[in-house]
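*Asks:* Provided below: query-v6.cif, containing mmCIF, C-alpha atoms.
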```cif
data_start
loop_
_atom_site.label_atom_id
_atom_site.label_comp_id
_atom_site.auth_asym_id
_atom_site.auth_seq_id
_atom_site.Cartn_x
_atom_site.Cartn_y
_atom_site.Cartn_z
CA MET T 42 -3.56 -29.23 -7.42
CA ALA T 43 -4.35 -26.02 -9.33
CA ASN T 44 -7.65 -24.32 -8.55
CA ILE T 45 -10.22 -24.98 -11.28
CA GLN T 46 -12.11 -21.74 -10.67
CA GLU T 47 -8.94 -19.64 -10.87
CA ARG T 48 -8.07 -21.33 -14.17
CA ILE T 49 -11.52 -20.45 -15.54
CA ALA T 50 -10.98 -16.82 -14.50
CA GLU T 51 -7.58 -16.89 -16.20
CA LEU T 52 -9.18 -18.07 -19.45
CA MET T 53 -11.77 -15.29 -19.28
CA SER T 54 -8.98 -12.79 -18.67
CA GLU T 55 -7.26 -14.03 -21.84
CA ILE T 56 -10.49 -13.54 -23.78
CA HIS T 57 -10.66 -10.03 -22.30
CA ALA T 58 -7.12 -9.30 -23.56
CA ILE T 59 -7.92 -10.54 -27.08
CA CYS T 60 -11.10 -8.44 -27.15
CA VAL T 61 -9.40 -5.26 -25.92
CA ALA T 62 -6.57 -5.66 -28.44
CA ASN T 63 -8.98 -6.13 -31.35
CA GLY T 64 -11.80 -3.71 -30.54
CA ILE T 65 -14.26 -6.47 -29.57
CA THR T 66 -17.11 -5.86 -27.13
CA TYR T 67 -17.99 -8.71 -24.78
CA TYR T 68 -19.92 -9.17 -21.53
CA LEU T 69 -19.23 -11.54 -18.65
CA ASP T 70 -22.26 -13.71 -17.92
CA GLU T 71 -24.38 -12.01 -15.26
CA GLN T 72 -24.47 -14.99 -12.88
CA LEU T 73 -20.66 -15.06 -12.86
CA ALA T 74 -20.54 -11.28 -12.62
CA VAL T 75 -22.63 -11.45 -9.42
CA GLN T 76 -20.11 -13.86 -7.88
CA ALA T 77 -17.26 -11.57 -8.98
CA GLU T 78 -18.88 -8.51 -7.39
CA VAL T 79 -19.79 -10.29 -4.13
CA ASN T 80 -16.70 -12.49 -3.60
CA HIS T 81 -14.18 -11.51 -6.30
CA ALA T 82 -14.11 -15.29 -6.79
CA LEU T 83 -16.20 -18.09 -8.26
CA ASP T 84 -18.20 -20.65 -6.31
CA ALA T 85 -16.55 -24.02 -5.76
CA ASN T 86 -19.06 -25.72 -8.08
CA VAL T 87 -18.24 -23.53 -11.11
CA THR T 88 -16.37 -25.50 -13.77
CA THR T 89 -16.99 -23.37 -16.87
CA GLY T 90 -17.00 -19.69 -17.73
CA ARG T 91 -19.33 -17.83 -20.06
CA VAL T 92 -19.10 -14.56 -21.95
CA LEU T 93 -21.48 -13.07 -24.50
CA MET T 94 -20.89 -11.01 -27.63
CA THR T 95 -22.65 -10.18 -30.90
CA ALA T 96 -22.18 -12.23 -34.06
CA GLU T 97 -20.04 -9.48 -35.60
CA ASP T 98 -17.71 -9.49 -32.61
CA LEU T 99 -17.53 -13.29 -32.62
CA LYS T 100 -16.24 -13.14 -36.22
CA LYS T 101 -13.50 -10.77 -35.08
CA PHE T 102 -12.62 -12.98 -32.11
CA ILE T 103 -12.23 -16.12 -34.20
CA ALA T 104 -10.09 -14.28 -36.73
CA ALA T 105 -7.90 -12.77 -33.99
CA PHE T 106 -7.35 -16.13 -32.29
CA GLU T 107 -6.61 -18.00 -35.53
CA GLU T 108 -4.14 -15.32 -36.58
CA SER T 109 -2.20 -15.66 -33.32
CA PRO T 110 -3.16 -18.82 -31.37
CA ALA T 111 -1.78 -19.06 -27.83
CA GLU T 112 0.15 -22.05 -26.54
CA ASN T 113 -2.07 -24.70 -24.92
CA ARG T 114 -5.21 -22.86 -26.02
CA GLU T 115 -7.76 -24.08 -28.55
CA ILE T 116 -11.12 -22.98 -29.89
CA GLU T 117 -13.76 -25.51 -30.89
CA TYR T 118 -16.97 -24.84 -32.77
CA LEU T 119 -18.98 -26.05 -35.77
CA LYS T 120 -16.28 -25.19 -38.32
CA THR T 121 -13.54 -27.13 -36.50
CA ASN T 122 -15.62 -30.21 -35.58
CA GLY T 123 -18.58 -31.54 -37.54
CA PHE T 124 -19.95 -33.31 -34.45
CA TYR T 125 -19.90 -30.16 -32.31
CA PRO T 126 -23.47 -29.87 -30.98
CA ALA T 127 -24.12 -26.16 -30.42
CA PHE T 128 -23.93 -22.72 -32.02
CA ASN T 129 -21.25 -21.21 -29.80
CA VAL T 130 -17.47 -21.22 -29.50
CA LYS T 131 -15.51 -22.85 -26.69
CA TYR T 132 -12.18 -21.33 -25.67
CA VAL T 133 -10.33 -24.33 -24.22
CA ASP T 134 -7.31 -24.86 -21.98
CA ALA T 135 -5.53 -27.85 -23.54
CA SER T 136 -3.32 -28.33 -20.46
CA SER T 137 -6.33 -29.41 -18.35
CA VAL T 138 -9.16 -31.93 -18.51
CA PHE T 139 -12.91 -31.66 -17.95
CA TYR T 140 -14.68 -34.90 -18.82
CA ASN T 141 -18.31 -35.84 -18.95
CA MET T 142 -19.91 -38.48 -21.15
CA ARG T 143 -22.02 -36.00 -23.12
CA ARG T 144 -18.99 -33.86 -24.00
CA LEU T 145 -16.80 -36.80 -24.96
CA ALA T 146 -19.46 -38.11 -27.36
CA CYS T 147 -19.27 -34.98 -29.55
CA GLU T 148 -16.32 -32.77 -28.66
CA ARG T 149 -12.59 -33.04 -29.39
CA CYS T 150 -11.06 -30.42 -27.07
CA MET T 151 -11.77 -31.85 -23.62
CA GLY T 152 -10.06 -29.29 -21.36
CA LEU T 153 -11.55 -26.68 -19.05
CA TYR T 154 -13.28 -24.04 -21.13
CA VAL T 155 -15.17 -20.78 -21.44
CA ILE T 156 -18.27 -20.69 -23.64
CA ILE T 157 -18.58 -17.69 -25.95
CA SER T 158 -22.31 -17.35 -26.58
CA VAL T 159 -23.86 -15.16 -29.26
CA LEU T 160 -26.37 -12.43 -28.50
CA LYS T 161 -29.06 -13.06 -31.12
CA PRO T 162 -31.21 -10.21 -32.50
CA VAL T 163 -34.92 -10.52 -31.75
CA GLY T 164 -36.97 -10.78 -34.95
CA LEU T 165 -39.64 -12.67 -36.86
CA LYS T 166 -37.30 -15.64 -37.44
CA SER T 167 -36.16 -16.03 -33.82
CA LYS T 168 -38.32 -19.13 -33.26
CA VAL T 169 -37.06 -20.68 -36.50
CA HIS T 170 -33.44 -20.05 -35.55
CA GLN T 171 -33.94 -21.54 -32.10
CA THR T 172 -35.53 -24.65 -33.63
CA ILE T 173 -32.61 -25.03 -36.05
CA GLU T 174 -30.12 -24.89 -33.18
CA GLN T 175 -32.10 -27.33 -31.01
CA THR T 176 -32.52 -29.76 -33.91
CA TRP T 177 -28.79 -29.82 -34.66
CA GLU T 178 -28.03 -30.44 -30.99
CA SER T 179 -30.55 -33.30 -30.87
CA LEU T 180 -29.05 -34.88 -34.00
CA SER T 181 -25.53 -34.55 -32.56
CA HIS T 182 -26.56 -36.48 -29.44
CA ASP T 183 -28.89 -38.91 -31.29
CA GLU T 184 -31.81 -37.61 -29.26
CA LYS T 185 -35.48 -37.30 -30.16
CA ILE T 186 -36.24 -34.32 -32.41
CA ILE T 187 -38.35 -31.67 -30.65
CA GLY T 188 -41.54 -30.43 -32.33
CA ARG T 189 -44.13 -31.88 -34.67
CA ARG T 190 -43.51 -29.92 -37.87
CA LEU T 191 -40.50 -27.66 -38.18
CA GLY T 192 -38.07 -29.77 -36.14
CA PRO T 193 -38.54 -32.99 -38.20
CA VAL T 194 -38.30 -30.99 -41.47
CA VAL T 195 -35.05 -29.35 -40.36
CA ALA T 196 -33.70 -32.72 -39.21
CA TYR T 197 -34.53 -34.26 -42.60
CA ARG T 198 -32.63 -31.50 -44.41
CA PHE T 199 -29.63 -31.88 -42.11
CA ARG T 200 -29.53 -35.63 -42.75
CA ARG T 201 -29.75 -35.15 -46.52
CA SER T 202 -26.94 -32.60 -46.40
CA ILE T 203 -24.74 -34.92 -44.31
CA VAL T 204 -25.21 -37.73 -46.85
CA LYS T 205 -24.54 -35.45 -49.84
CA GLN T 206 -21.61 -33.35 -48.64
CA GLY T 207 -20.46 -34.82 -45.33
CA ARG T 208 -20.91 -33.82 -41.71
CA ASN T 209 -18.04 -31.32 -41.51
CA LYS T 210 -19.30 -29.29 -44.50
CA THR T 211 -22.87 -29.39 -43.17
CA ALA T 212 -21.75 -28.12 -39.75
CA SER T 213 -19.56 -25.43 -41.30
CA ASP T 214 -22.40 -24.21 -43.53
CA LEU T 215 -24.75 -24.14 -40.53
CA PHE T 216 -22.31 -21.97 -38.58
CA ASP T 217 -21.91 -19.53 -41.49
CA TYR T 218 -25.67 -19.37 -42.02
CA LEU T 219 -26.54 -18.66 -38.39
CA LEU T 220 -23.68 -16.18 -37.98
CA GLU T 221 -24.99 -14.26 -40.98
CA GLU T 222 -28.58 -14.44 -39.73
CA TYR T 223 -27.57 -13.11 -36.32
CA SER T 224 -25.48 -10.27 -37.73
CA GLY T 225 -26.86 -6.76 -38.17
CA GLU T 226 -29.02 -4.44 -36.12
CA SER T 227 -31.97 -5.81 -34.18
CA ARG T 228 -35.25 -4.21 -33.23
CA ARG T 229 -34.65 -1.79 -30.32
CA ASN T 230 -31.22 -3.40 -29.93
CA GLU T 231 -33.01 -6.33 -28.27
CA TYR T 232 -31.33 -9.72 -28.16
CA TRP T 233 -32.10 -13.23 -26.99
CA THR T 234 -29.88 -15.99 -25.71
CA VAL T 235 -30.35 -19.53 -24.45
CA LYS T 236 -28.61 -20.94 -21.39
CA LYS T 237 -28.77 -24.61 -20.41
CA THR T 238 -28.44 -25.75 -16.81
CA GLY T 239 -28.69 -29.51 -16.63
CA LYS T 240 -31.97 -30.39 -18.35
CA LYS T 241 -33.38 -26.88 -18.01
CA VAL T 242 -33.28 -24.53 -21.00
CA ALA T 243 -33.85 -20.83 -20.33
CA LYS T 244 -34.47 -18.39 -23.19
CA ARG T 245 -34.05 -14.78 -22.20
CA SER T 246 -34.56 -11.51 -24.04
CA MET T 247 -32.48 -8.48 -23.10
CA VAL T 248 -31.70 -4.97 -24.21
CA ILE T 249 -27.96 -4.34 -24.36
CA PRO T 250 -27.02 -1.23 -22.37
CA ALA T 251 -24.97 1.60 -23.81
CA LYS T 252 -22.20 1.16 -21.23
CA ARG T 253 -20.45 -1.70 -19.48
CA THR T 254 -19.23 -2.18 -15.92
CA MET T 255 -15.93 -3.73 -14.87
CA VAL T 256 -15.77 -6.36 -12.12
CA GLU T 257 -12.79 -8.04 -10.45
CA LEU T 258 -12.29 -11.81 -10.41
CA TYR T 259 -9.16 -13.25 -8.73
CA GLY T 260 -7.39 -10.00 -9.57
CA HIS T 261 -8.53 -10.03 -13.22
CA GLN T 262 -10.58 -7.10 -14.53
CA LEU T 263 -13.53 -8.19 -16.70
CA TYR T 264 -16.35 -6.35 -18.45
CA THR T 265 -19.99 -7.17 -17.79
CA PHE T 266 -23.43 -5.58 -18.10
CA GLU T 267 -24.39 -2.60 -15.94
CA THR T 268 -24.45 -3.66 -12.29
CA ASP T 269 -26.53 -0.77 -10.94
CA THR T 270 -29.74 -1.99 -12.57
CA GLU T 271 -32.74 -3.41 -10.75
CA LEU T 272 -32.32 -6.75 -12.52
CA PHE T 273 -28.70 -7.13 -11.42
CA GLN T 274 -29.61 -6.33 -7.82
CA GLU T 275 -32.34 -8.98 -7.94
CA LEU T 276 -29.82 -11.53 -9.22
CA LYS T 277 -27.47 -10.50 -6.43
CA GLU T 278 -30.11 -10.93 -3.71
CA LYS T 279 -31.12 -14.32 -5.12
CA TYR T 280 -27.47 -15.42 -5.18
CA MET T 281 -26.99 -14.42 -1.51
CA ARG T 282 -29.88 -16.70 -0.52
CA LYS T 283 -28.70 -19.61 -2.66
CA LYS T 284 -27.07 -22.61 -1.02
CA LYS T 285 -23.52 -23.04 -2.37
CA LYS T 286 -22.30 -26.44 -3.50
CA GLU T 287 -18.87 -27.86 -4.28
CA PHE T 288 -17.86 -29.64 -7.49
CA ILE T 289 -16.79 -33.21 -6.73
CA ASN T 290 -15.26 -35.57 -9.27
CA SER T 291 -17.60 -38.50 -9.82
CA GLU T 292 -18.70 -41.20 -12.23
CA MET T 293 -20.53 -38.56 -14.27
CA HIS T 294 -17.75 -36.01 -14.63
CA PHE T 295 -14.30 -35.01 -13.48
CA ALA T 296 -12.01 -32.02 -13.89
CA ASP T 297 -8.32 -31.46 -13.24
CA ALA T 298 -6.45 -28.21 -13.92
CA ASP T 299 -3.05 -29.96 -13.77
CA VAL T 300 -3.59 -32.82 -16.23
CA SER T 301 -4.01 -32.41 -20.00
CA TYR T 302 -6.85 -34.31 -21.64
CA LYS T 303 -4.35 -35.22 -24.38
CA ASP T 304 -2.21 -37.13 -21.89
CA LEU T 305 -5.22 -39.27 -20.96
CA ASP T 306 -5.85 -40.21 -24.62
CA LEU T 307 -9.61 -39.74 -24.27
CA ASP T 308 -10.16 -40.38 -27.99
CA GLN T 309 -9.90 -44.12 -27.33
CA PHE T 310 -13.17 -43.92 -25.36
CA ARG T 311 -15.18 -41.82 -27.85
CA ASP T 312 -16.45 -44.61 -30.10
CA ILE T 313 -17.59 -46.50 -27.00
CA ILE T 314 -19.17 -43.47 -25.31
CA ARG T 315 -21.07 -42.06 -28.32
CA PRO T 316 -23.62 -44.89 -28.73
CA MET T 317 -23.83 -45.26 -24.95
CA SER T 318 -24.59 -41.55 -24.60
CA ALA T 319 -27.42 -41.93 -27.11
CA GLU T 320 -28.77 -45.01 -25.31
CA SER T 321 -28.84 -43.20 -21.97
CA VAL T 322 -31.44 -40.69 -23.21
CA ASP T 323 -33.74 -43.35 -24.70
CA ILE T 324 -36.20 -44.35 -21.95
CA ARG T 325 -37.20 -47.48 -23.87
CA ARG T 326 -33.83 -49.08 -23.15
CA PRO T 327 -32.89 -50.62 -19.79
CA ALA T 328 -31.44 -47.93 -17.55
CA VAL T 329 -29.55 -50.42 -15.38
CA ARG T 330 -27.55 -51.76 -18.34
CA ILE T 331 -26.58 -48.26 -19.39
CA ARG T 332 -25.46 -47.36 -15.87
CA LYS T 333 -23.28 -50.49 -15.72
CA LYS T 334 -21.62 -49.74 -19.06
CA ARG T 335 -21.11 -46.11 -18.13
CA ARG T 336 -19.59 -47.06 -14.78
CA LYS T 337 -17.27 -49.61 -16.41
CA TYR T 338 -15.77 -47.20 -18.91
CA PHE T 339 -15.66 -44.29 -16.51
CA ASN T 340 -13.69 -46.39 -14.02
CA LYS T 341 -11.18 -47.28 -16.72
CA LEU T 342 -10.81 -43.64 -17.67
CA ARG T 343 -10.65 -42.55 -14.03
CA LYS T 344 -7.87 -45.03 -13.25
CA THR T 345 -5.85 -43.70 -16.18
CA HIS T 346 -6.25 -40.19 -14.82
CA LEU T 347 -5.23 -41.21 -11.28
CA ARG T 348 -2.20 -43.19 -12.47
CA TYR T 349 -1.04 -40.12 -14.37
CA TYR T 350 -1.69 -37.79 -11.42
CA TYR T 351 -0.03 -39.97 -8.75
CA GLY T 352 2.73 -40.99 -11.15
CA LEU T 353 3.73 -37.33 -11.52
CA LEU T 354 3.31 -36.71 -7.78
CA PHE T 355 5.54 -39.59 -6.72
CA GLU T 356 8.08 -39.35 -9.53
CA ASP T 357 10.21 -36.69 -7.84
CA GLN T 358 9.47 -37.86 -4.27
CA ILE T 359 10.17 -41.58 -4.41
CA ASP T 360 13.64 -41.25 -2.82
CA ASP T 361 12.17 -39.18 0.03
CA LEU T 362 9.30 -41.63 0.51
CA GLU T 363 11.71 -44.56 0.79
CA ARG T 364 13.83 -42.59 3.26
CA MET T 365 10.75 -41.80 5.41
CA LEU T 366 9.86 -45.50 5.46
CA LYS T 367 13.40 -46.50 6.43
CA GLU T 368 13.70 -43.84 9.17
CA GLY T 369 10.20 -44.45 10.58
CA GLN T 370 8.81 -41.01 9.64
CA PHE T 371 5.38 -42.52 9.12
CA GLU T 372 3.26 -39.38 9.66
CA GLN T 373 5.09 -37.56 6.86
CA LEU T 374 4.88 -40.64 4.65
CA GLU T 375 1.16 -41.07 5.22
CA GLU T 376 0.44 -37.40 4.58
CA ILE T 377 1.71 -37.91 1.03
CA MET T 378 0.67 -41.53 0.41
CA ASP T 379 -2.75 -41.83 2.12
CA PRO T 380 -4.83 -40.20 -0.68
CA TYR T 381 -3.31 -42.66 -3.17
CA VAL T 382 -3.89 -45.63 -0.87
CA GLU T 383 -7.51 -44.58 -0.36
CA ASP T 384 -8.11 -44.41 -4.13
CA LEU T 385 -6.22 -47.66 -4.63
CA ARG T 386 -8.39 -49.56 -2.15
CA LYS T 387 -11.51 -48.09 -3.67
CA LEU T 388 -10.74 -48.59 -7.38
CA LYS T 389 -7.80 -51.08 -7.40
CA ASN T 390 -5.31 -51.42 -10.29
CA ILE T 391 -3.90 -47.89 -10.00
CA TYR T 392 -0.40 -49.20 -10.65
CA ILE T 393 2.49 -46.71 -10.26
CA SER T 394 5.79 -48.62 -9.86
CA GLU T 395 7.48 -51.46 -8.02
CA ARG T 396 9.19 -49.00 -5.66
CA ILE T 397 5.77 -47.64 -4.63
CA ASN T 398 4.51 -51.23 -4.33
CA ASN T 399 7.31 -51.98 -1.87
CA ILE T 400 6.08 -49.14 0.39
CA LEU T 401 2.51 -50.47 0.08
CA ARG T 402 3.66 -53.91 1.20
CA GLU T 403 5.91 -52.84 4.05
CA HIS T 404 3.89 -50.02 5.60
CA TYR T 405 0.28 -50.55 4.49
CA ASP T 406 0.34 -54.36 4.46
CA ILE T 407 -1.23 -54.47 0.98
CA ASP T 408 -0.86 -57.65 -1.08
CA THR T 409 0.30 -56.00 -4.33
CA GLU T 410 0.41 -59.28 -6.27
CA GLU T 411 -3.28 -59.76 -5.67
CA MET T 412 -4.05 -56.06 -6.10
CA PHE T 413 -2.44 -55.88 -9.57
CA SER T 414 -2.83 -59.49 -10.69
CA ASP T 415 -5.02 -58.70 -13.72
CA TYR T 416 -3.18 -55.69 -15.12
CA GLN T 417 0.34 -55.72 -13.72
CA GLU T 418 2.35 -56.36 -16.91
CA PHE T 419 0.29 -53.96 -18.97
CA TYR T 420 0.53 -51.21 -16.35
CA LYS T 421 4.31 -51.51 -16.21
CA GLU T 422 4.42 -49.85 -19.64
CA GLY T 423 3.49 -46.54 -18.01
CA ILE T 424 1.67 -43.54 -19.51
CA LYS T 425 3.35 -41.58 -22.30
CA ILE T 426 3.22 -37.77 -21.99
CA TYR T 427 3.15 -35.53 -25.05
CA ASP T 428 3.22 -31.73 -25.36
CA TYR T 429 0.41 -29.78 -27.00
CA LYS T 430 2.11 -30.23 -30.42
CA GLY T 431 2.18 -34.01 -30.05
CA ASN T 432 5.90 -34.35 -29.27
CA TYR T 433 6.83 -37.11 -26.80
CA ILE T 434 8.18 -35.82 -23.46
CA ARG T 435 8.49 -38.77 -21.07
CA THR T 436 6.65 -41.68 -19.45
CA VAL T 437 5.26 -41.78 -15.90
CA ALA T 438 3.68 -44.49 -13.72
CA GLY T 439 5.66 -47.46 -15.00
CA THR T 440 8.81 -49.48 -14.38
CA LYS T 441 10.76 -48.44 -17.48
CA ASP T 442 13.41 -46.51 -15.51
CA GLU T 443 13.84 -48.96 -12.63
#
```
Let me see the structure of the file written as structure tokens.
*Replies:*
Amino acid sequence: MANIQERIAELMSEIHAICVANGITYYLDEQLAVQAEVNHALDANVTTGRVLMTAEDLKKFIAAFEESPAENREIEYLKTNGFYPAFNVKYVDASSVFYNMRRLACERCMGLYVIISVLKPVGLKSKVHQTIEQTWESLSHDEKIIGRRLGPVVAYRFRRSIVKQGRNKTASDLFDYLLEEYSGESRRNEYWTVKKTGKKVAKRSMVIPAKRTMVELYGHQLYTFETDTELFQELKEKYMRKKKKEFINSEMHFADADVSYKDLDLDQFRDIIRPMSAESVDIRRPAVRIRKKRRKYFNKLRKTHLRYYYGLLFEDQIDDLERMLKEGQFEQLEEIMDPYVEDLRKLKNIYISERINNILREHYDIDTEEMFSDYQEFYKEGIKIYDYKGNYIRTVAGTKDE
């Protein structure tokens, strides 16, 4: 399985190449820059990248990408998706998947991504701009509007605009408005930006330095802010004391650098997830019911992902697996099959093929008729794989070729 963190670094390197080729100035997020300087790698819990640039440079970046889009790469923002919840741009790897319920409710491009955030000039309207952004995000997720005065007024105007001219036009106009508002020189070259970590929202003001520093990440050279400042050293010391975690696929989210979100057909879950996502943030509704619904649909989505993954894994090895079973090479067989068997016993109904079922019966003593009794005929259809242009390639995890 491809390394998620290395794929994120690869995406940031591609952004670097676009910026260098088009005279665009960008900065690697300082938290990621600290990891790059200390380890030349990202922590095992990092699943997204982040770079920052001014509004003027973001205009150039979008134009450069749209003029020459790369294969299996997409950008998503307010002008490409009227439900997109934030004022930023996501540079997405369409050959991968990174699911969570909140993303699926609003976003279309569900691969691993790098956020391109805008450095926003400090000024008299900074509070107004921040409220506008927060209000749009709350509307996108059907959450309670923050504030007593300005937030509700902004929300009312957004709703009127959506009724009059549609959501896509409203979102597009919002992007153009904010991009124009954030363009131009700021006081003392001072900027602000907002970064969300879970439920925490941190607003930070900064003065952009005259020069940049280059750091190395998995062999990629990336620009960031000056690293010889007192602030950067403080971030570095704090990072060294921090306990490192590892990202683990779960009911709440999963990522896979080898599987395209398009192959999993996540769109079929969006209409179900969107109202459920809104319910989950409303404390007046029963939390237990929401957790049950979320678990039900996640398990269905997770099984689709695992069938695709193991279907590809076993497709080219089935002859070898049958030979190992026949010749009694059980250690080699189990090294390949055990992860699948473990997931199968845990989730059930991860149907691959009758040839795999035969191995399950003979070596693992699994009653496959009982295991797949509810879904067997449906699962025999397999999972259709398409390329990034939508052209059919082949089908895996089914009995069509047997």
*Asks:* The PyMOL selection byres ((chain T and resi 155-160) around 7) on the file shown: which residues, as an MDAnalysis selection string?
*Replies:* chainID T and resid 49 52:53 89:96 129:133 154 161:162 232:234
*Asks:* Given all atoms listed in the file as the basis, pick out the residue of T:Ile186, T:Ala111, T:Leu347, T:Met365 nearest to T:Ile391.
*Replies:* T:Leu347
*Asks:* Using 10 Å as the limit and counting all atoms listed in the file, can you tabulate each residue of stretch 344-418 of chain T that touches stretch 290-301 of chain T, with its shortest atom-to-atom distance in Å and the two atoms involved, as JSON lines?
*Replies:*
```
{"residue": "T:His346", "atom": "CA", "partner": "T:Val300", "partner_atom": "CA", "distance": 8.0}
{"residue": "T:Leu347", "atom": "CA", "partner": "T:Val300", "partner_atom": "CA", "distance": 9.9}
{"residue": "T:Tyr349", "atom": "CA", "partner": "T:Val300", "partner_atom": "CA", "distance": 8.0}
{"residue": "T:Tyr350", "atom": "CA", "partner": "T:Val300", "partner_atom": "CA", "distance": 7.2}
{"residue": "T:Leu353", "atom": "CA", "partner": "T:Val300", "partner_atom": "CA", "distance": 9.8}
```
*Asks:* Could you check the closest approach to T:Thr211 for each of T:Phe124, T:Phe413, T:Phe310, T:Phe266 and tell me which residue wins, using all atoms listed in the file?
*Replies:* T:Phe124
*Asks:* Given the PyMOL selection byres ((chain T and resi 79) around 12) and the file above, list the residues it selects as a PyMOL selection string.
*Replies:* chain T and resi 72-78+80-84+256-259+268+273-274+276-278+280-281
*Asks:* Just give me the residues with any atom within 7 Å of (-8.1, -23.3, -26.9), file coordinates, counting only C-alpha atoms, written as number ranges by chain.
*Replies:* T: 113-116, 132-135
*Asks:* Taking the file as shown, find all residues satisfying the PyMOL selection byres ((chain T and resi 97) around 12) and write them as a ChimeraX atom specification.
*Replies:* /T:64-67,93-96,98-104,159-162,217,219-226
*Asks:* Neighbouring residues of T:Glu178 were defined as those with any atom within 7 Å, considering only C-alpha atoms; residues of the same chain fewer than 3 positions away were excluded. Please report them as a compact mmCIF listing (two decimals) with C-alpha atoms, in the coordinates of the input.
*Replies:*
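To be explicit, this is the file written out as part_34.txt:
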```txt
# COMPACT_ATOMS: atom_id res chain seq x y z
CA PRO T 126 -23.47 -29.87 -30.98
CA ALA T 127 -24.12 -26.16 -30.42
CA GLU T 174 -30.12 -24.89 -33.18
CA GLN T 175 -32.10 -27.33 -31.01
CA SER T 181 -25.53 -34.55 -32.56
CA HIS T 182 -26.56 -36.48 -29.44
```
*Asks:* Separation of atom CA of T:Tyr302 and atom CA of T:Ser136, in Å?
*Replies:*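 Interatomic distance here is 7.0 Å.
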*Asks:* At what distance in Å, to one decimal, does atom CA of T:Tyr197 lie from atom CA of T:Leu215?
*Replies:*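 Separation between atom CA of T:Leu215 and atom CA of T:Tyr197: 14.2 Å.
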*Asks:* Measuring atom to atom with only C-alpha atoms, identify which of T:Ile59, T:Ala50, T:Leu263, T:Leu385 is nearest to T:Asp408.
*Replies:* T:Leu385
*Asks:* Using atom CA of T:Phe216 and atom CA of T:Leu119 as the two end points, give the distance in Å to one decimal.
*Replies:* 6.0 Å
*Asks:* Smallest atom-to-atom distance to T:Ile45: which of T:Tyr264, T:Phe288, T:Tyr392, T:Tyr118, using all atoms listed in the file?
*Replies:*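 Using all atoms listed in the file, the shortest distance to T:Ile45 belongs to T:Phe288.
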*Asks:* For each of T:Cys147, T:Gly123, T:Leu366, T:Leu153, take the minimum atom-to-atom distance to T:Gln46, counting only C-alpha atoms, then give the residue where this is smallest.
*Replies:*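 Comparing T:Cys147, T:Gly123, T:Leu366, T:Leu153 against T:Gln46, the winner is T:Leu153.
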*Asks:* Starting from the incomplete input, reconstruct N, CA and C atoms of stretch 182-194 of chain T and write that as a PDB file, keeping the file's coordinate frame.
*Replies:*
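Saved file result_21.pdb follows:
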```
ATOM      1  N   HIS T 182     -26.521 -35.557 -30.581  1.00  0.00           N
ATOM      2  CA  HIS T 182     -26.560 -36.480 -29.440  1.00  0.00           C
ATOM      3  C   HIS T 182     -27.500 -37.664 -29.693  1.00  0.00           C
ATOM      4  N   ASP T 183     -27.973 -37.808 -30.950  1.00  0.00           N
ATOM      5  CA  ASP T 183     -28.890 -38.910 -31.290  1.00  0.00           C
ATOM      6  C   ASP T 183     -30.116 -38.918 -30.392  1.00  0.00           C
ATOM      7  N   GLU T 184     -30.632 -37.735 -30.111  1.00  0.00           N
ATOM      8  CA  GLU T 184     -31.810 -37.610 -29.260  1.00  0.00           C
ATOM      9  C   GLU T 184     -33.060 -37.383 -30.110  1.00  0.00           C
ATOM     10  N   LYS T 185     -34.207 -37.518 -29.481  1.00  0.00           N
ATOM     11  CA  LYS T 185     -35.480 -37.300 -30.160  1.00  0.00           C
ATOM     12  C   LYS T 185     -35.599 -35.858 -30.618  1.00  0.00           C
ATOM     13  N   ILE T 186     -36.072 -35.662 -31.854  1.00  0.00           N
ATOM     14  CA  ILE T 186     -36.240 -34.320 -32.410  1.00  0.00           C
ATOM     15  C   ILE T 186     -37.452 -33.653 -31.771  1.00  0.00           C
ATOM     16  N   ILE T 187     -37.279 -32.418 -31.309  1.00  0.00           N
ATOM     17  CA  ILE T 187     -38.350 -31.670 -30.650  1.00  0.00           C
ATOM     18  C   ILE T 187     -39.273 -31.046 -31.692  1.00  0.00           C
ATOM     19  N   GLY T 188     -40.576 -31.074 -31.442  1.00  0.00           N
ATOM     20  CA  GLY T 188     -41.540 -30.430 -32.330  1.00  0.00           C
ATOM     21  C   GLY T 188     -42.226 -31.423 -33.259  1.00  0.00           C
ATOM     22  N   ARG T 189     -43.366 -31.006 -33.791  1.00  0.00           N
ATOM     23  CA  ARG T 189     -44.130 -31.880 -34.670  1.00  0.00           C
ATOM     24  C   ARG T 189     -43.913 -31.565 -36.144  1.00  0.00           C
ATOM     25  N   ARG T 190     -43.607 -30.309 -36.467  1.00  0.00           N
ATOM     26  CA  ARG T 190     -43.510 -29.920 -37.870  1.00  0.00           C
ATOM     27  C   ARG T 190     -42.123 -29.447 -38.252  1.00  0.00           C
ATOM     28  N   LEU T 191     -41.744 -28.281 -37.737  1.00  0.00           N
ATOM     29  CA  LEU T 191     -40.500 -27.660 -38.180  1.00  0.00           C
ATOM     30  C   LEU T 191     -39.279 -28.493 -37.806  1.00  0.00           C
ATOM     31  N   GLY T 192     -39.225 -29.001 -36.570  1.00  0.00           N
ATOM     32  CA  GLY T 192     -38.070 -29.770 -36.140  1.00  0.00           C
ATOM     33  C   GLY T 192     -37.781 -30.967 -37.038  1.00  0.00           C
ATOM     34  N   PRO T 193     -38.772 -31.842 -37.303  1.00  0.00           N
ATOM     35  CA  PRO T 193     -38.540 -32.990 -38.200  1.00  0.00           C
ATOM     36  C   PRO T 193     -38.124 -32.574 -39.609  1.00  0.00           C
ATOM     37  N   VAL T 194     -38.684 -31.469 -40.130  1.00  0.00           N
ATOM     38  CA  VAL T 194     -38.300 -30.990 -41.470  1.00  0.00           C
ATOM     39  C   VAL T 194     -36.844 -30.562 -41.488  1.00  0.00           C
TER      40      VAL T 194
END
```
